[in-house]
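Data block for target_34.pdb (PDB, C-alpha atoms):
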ATOM      1  CA  MET P 135       0.000   0.000   0.000
ATOM      2  CA  GLY P 136       1.214   3.473  -0.813
ATOM      3  CA  SER P 137       0.708   6.709   1.035
ATOM      4  CA  ILE P 138      -2.733   7.554   2.413
ATOM      5  CA  LEU P 139      -2.001  11.274   2.676
ATOM      6  CA  ILE P 140      -4.483  13.603   1.004
ATOM      7  CA  LYS P 141      -1.813  14.977  -1.327
ATOM      8  CA  ASP P 142      -1.071  11.450  -2.586
ATOM      9  CA  THR P 143      -4.647  10.210  -3.098
ATOM     10  CA  THR P 144      -7.773  11.008  -5.045
ATOM     11  CA  ARG P 145     -11.187  11.368  -3.467
ATOM     12  CA  GLU P 146     -12.154   7.942  -4.814
ATOM     13  CA  GLU P 147      -9.045   6.379  -3.284
ATOM     14  CA  ARG P 148      -9.786   8.022   0.076
ATOM     15  CA  GLU P 149     -13.366   6.701  -0.003
ATOM     16  CA  LYS P 150     -11.995   3.219  -0.633
ATOM     17  CA  ILE P 151      -9.403   3.570   2.157
ATOM     18  CA  VAL P 152     -12.104   4.527   4.666
ATOM     19  CA  ALA P 153     -14.518   1.829   3.489
ATOM     20  CA  GLU P 154     -11.875  -0.898   3.672
ATOM     21  CA  SER P 155     -10.627   0.287   7.058
ATOM     22  CA  ILE P 156     -14.039   0.403   8.708
ATOM     23  CA  GLY P 157     -15.517  -2.688   7.110
ATOM     24  CA  ASN P 158     -19.192  -3.391   6.522
ATOM     25  CA  ILE P 159     -20.928  -0.328   7.918
ATOM     26  CA  SER P 160     -24.401  -1.398   6.826
ATOM     27  CA  GLY P 161     -24.144  -4.692   8.742
ATOM     28  CA  SER P 162     -23.903  -3.025  12.128
ATOM     29  CA  CYS P 163     -26.853  -3.679  14.397
ATOM     30  CA  ASP P 164     -26.438  -0.682  16.672
ATOM     31  CA  GLY P 165     -26.020   2.098  14.118
ATOM     32  CA  CYS P 166     -22.646   3.168  15.509
ATOM     33  CA  MET P 167     -20.618   2.216  12.435
ATOM     34  CA  ALA P 168     -22.426   4.714  10.200
ATOM     35  CA  GLY P 169     -21.408   7.476  12.607
ATOM     36  CA  LEU P 170     -17.841   6.254  12.437
ATOM     37  CA  ALA P 171     -17.901   6.535   8.649
ATOM     38  CA  ASP P 172     -19.221  10.098   8.945
ATOM     39  CA  MET P 173     -16.318  10.928  11.219
ATOM     40  CA  TYR P 174     -13.926  10.444   8.281
ATOM     41  CA  GLN P 175     -15.870  12.581   5.801
ATOM     42  CA  ASP P 176     -13.369  15.465   6.163
ATOM     43  CA  TYR P 177     -10.601  13.078   5.100
ATOM     44  CA  ILE P 178     -12.574  11.893   2.091
ATOM     45  CA  GLU P 179     -13.222  15.506   1.090
ATOM     46  CA  GLY P 180      -9.530  16.371   1.488
ATOM     47  CA  LYS P 181      -9.974  18.726   4.458
ATOM     48  CA  LYS P 182      -8.176  16.785   7.229
ATOM     49  CA  GLU P 183      -5.715  13.925   7.351
ATOM     50  CA  ILE P 184      -6.750  10.693   9.062
ATOM     51  CA  ARG P 185      -4.154  11.367  11.743
ATOM     52  CA  GLU P 186      -5.791  14.719  12.612
ATOM     53  CA  ILE P 187      -9.258  13.181  12.829
ATOM     54  CA  ASN P 188      -8.036  10.345  15.041
ATOM     55  CA  MET P 189      -6.176  12.754  17.336
ATOM     56  CA  GLU P 190      -9.275  14.969  17.697
ATOM     57  CA  PHE P 191     -11.446  11.945  18.439
ATOM     58  CA  LYS P 192      -9.011  10.655  21.048
ATOM     59  CA  ALA P 193      -8.754  14.076  22.698
ATOM     60  CA  ASN P 194     -12.544  14.384  22.892
ATOM     61  CA  TYR P 195     -12.908  10.829  24.152
ATOM     62  CA  GLU P 196     -10.350  11.244  26.909
ATOM     63  CA  SER P 197     -11.594  14.647  28.029
ATOM     64  CA  GLY P 198     -15.304  13.988  27.548
ATOM     65  CA  ILE P 199     -15.688  17.386  25.910
ATOM     66  CA  GLU P 200     -18.012  17.730  22.923
ATOM     67  CA  GLY P 201     -18.728  14.022  22.729
ATOM     68  CA  PRO P 202     -22.126  12.719  21.700
ATOM     69  CA  GLU P 203     -24.392  11.453  24.432
ATOM     70  CA  LYS P 204     -24.856   7.725  24.158
ATOM     71  CA  LYS P 205     -28.164   6.249  25.181
ATOM     72  CA  SER P 206     -28.873   2.575  24.933
ATOM     73  CA  CYS P 207     -27.374   1.214  21.744
ATOM     74  CA  GLY P 208     -27.317   4.329  19.575
ATOM     75  CA  TYR P 209     -26.540   8.022  19.657
ATOM     76  CA  TYR P 210     -29.216  10.659  20.098
TER
END

Once you've parsed the file, please lay out its structure as structure tokens.
Amino acid sequence: MGSILIKDTTREEREKIVAESIGNISGSCDGCMAGLADMYQDYIEGKKEIREINMEFKANYESGIEGPEKKSCGYY
């Protein structure tokens, strides 16, 4: 596999990278996987690198700031 940086990929390649990395998002029973795919939309559109998105997610997860409220099995 080559570079996954925005500058080295096309939009179509980035869509494929995200799809292959996440797996079958439609097969998820709790609806969480679709939200995960949305999280990487800025990468697909060429706005943020995957590394930036992952770092932001980790920072929000660890601090609890600006995270979605989880109820039951899905997000509301």

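Excluding Ser137 in chain P and any residue on its chain fewer than 2 positions from it, the residues at most 12 Å away by all atoms listed in the file are Met135, Leu139, Ile140, Lys141, Asp142, Thr143, Thr144, Glu147, Arg148, Ile151, Glu183 and Ile184 of chain P.
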
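Here CA of Lys192 in chain P and CA of Gly136 in chain P stand 25.2 Å from one another.
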
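In this structure, CA of Glu146 in chain P sits 8.0 Å away from CA of Ile178 in chain P.
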
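The coordinates place CA of Ala171 in chain P at 9.7 Å from CA of Ser155 in chain P.
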
Could you give me the centre and size, in Å to one decimal, of an axis-aligned box around all listed atoms of range 148-158 of chain P with 6 Å added on every side, as JSON?
{"center_x": -14.3, "center_y": 2.3, "center_z": 4.0, "size_x": 21.8, "size_y": 23.4, "size_z": 21.3}

Output range 173-187 of chain P as a JSON list (two decimals), keeping the file's coordinate frame, making sure N, CA and C atoms are there.
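Below you can see selection.json, which holds the result:
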[["chain", "number", "residue", "atom", "x", "y", "z"],
["P", 173, "MET", "N", -17.43, 10.28, 10.55],
["P", 173, "MET", "CA", -16.32, 10.93, 11.22],
["P", 173, "MET", "C", -15.17, 11.18, 10.24],
["P", 174, "TYR", "N", -15.03, 10.33, 9.24],
["P", 174, "TYR", "CA", -13.93, 10.44, 8.28],
["P", 174, "TYR", "C", -14.29, 11.20, 7.01],
["P", 175, "GLN", "N", -15.44, 11.84, 6.98],
["P", 175, "GLN", "CA", -15.87, 12.58, 5.80],
["P", 175, "GLN", "C", -14.90, 13.71, 5.44],
["P", 176, "ASP", "N", -14.34, 14.40, 6.44],
["P", 176, "ASP", "CA", -13.37, 15.46, 6.16],
["P", 176, "ASP", "C", -12.12, 14.92, 5.47],
["P", 177, "TYR", "N", -11.74, 13.70, 5.79],
["P", 177, "TYR", "CA", -10.60, 13.08, 5.10],
["P", 177, "TYR", "C", -10.97, 12.80, 3.65],
["P", 178, "ILE", "N", -12.13, 12.21, 3.45],
["P", 178, "ILE", "CA", -12.57, 11.89, 2.09],
["P", 178, "ILE", "C", -12.64, 13.16, 1.24],
["P", 179, "GLU", "N", -13.10, 14.25, 1.82],
["P", 179, "GLU", "CA", -13.22, 15.51, 1.09],
["P", 179, "GLU", "C", -11.90, 16.26, 0.97],
["P", 180, "GLY", "N", -10.84, 15.74, 1.60],
["P", 180, "GLY", "CA", -9.53, 16.37, 1.49],
["P", 180, "GLY", "C", -9.31, 17.54, 2.43],
["P", 181, "LYS", "N", -10.08, 17.61, 3.51],
["P", 181, "LYS", "CA", -9.97, 18.73, 4.46],
["P", 181, "LYS", "C", -9.03, 18.43, 5.63],
["P", 182, "LYS", "N", -9.01, 17.18, 6.08],
["P", 182, "LYS", "CA", -8.18, 16.78, 7.23],
["P", 182, "LYS", "C", -7.58, 15.41, 6.96],
["P", 183, "GLU", "N", -6.36, 15.24, 7.45],
["P", 183, "GLU", "CA", -5.72, 13.92, 7.35],
["P", 183, "GLU", "C", -6.34, 12.98, 8.38],
["P", 184, "ILE", "N", -6.23, 11.70, 8.13],
["P", 184, "ILE", "CA", -6.75, 10.69, 9.06],
["P", 184, "ILE", "C", -6.13, 10.89, 10.44],
["P", 185, "ARG", "N", -4.86, 11.17, 10.47],
["P", 185, "ARG", "CA", -4.15, 11.37, 11.74],
["P", 185, "ARG", "C", -4.81, 12.49, 12.55],
["P", 186, "GLU", "N", -5.16, 13.59, 11.91],
["P", 186, "GLU", "CA", -5.79, 14.72, 12.61],
["P", 186, "GLU", "C", -7.14, 14.31, 13.19],
["P", 187, "ILE", "N", -7.92, 13.61, 12.39],
["P", 187, "ILE", "CA", -9.26, 13.18, 12.83],
["P", 187, "ILE", "C", -9.14, 12.24, 14.03]]
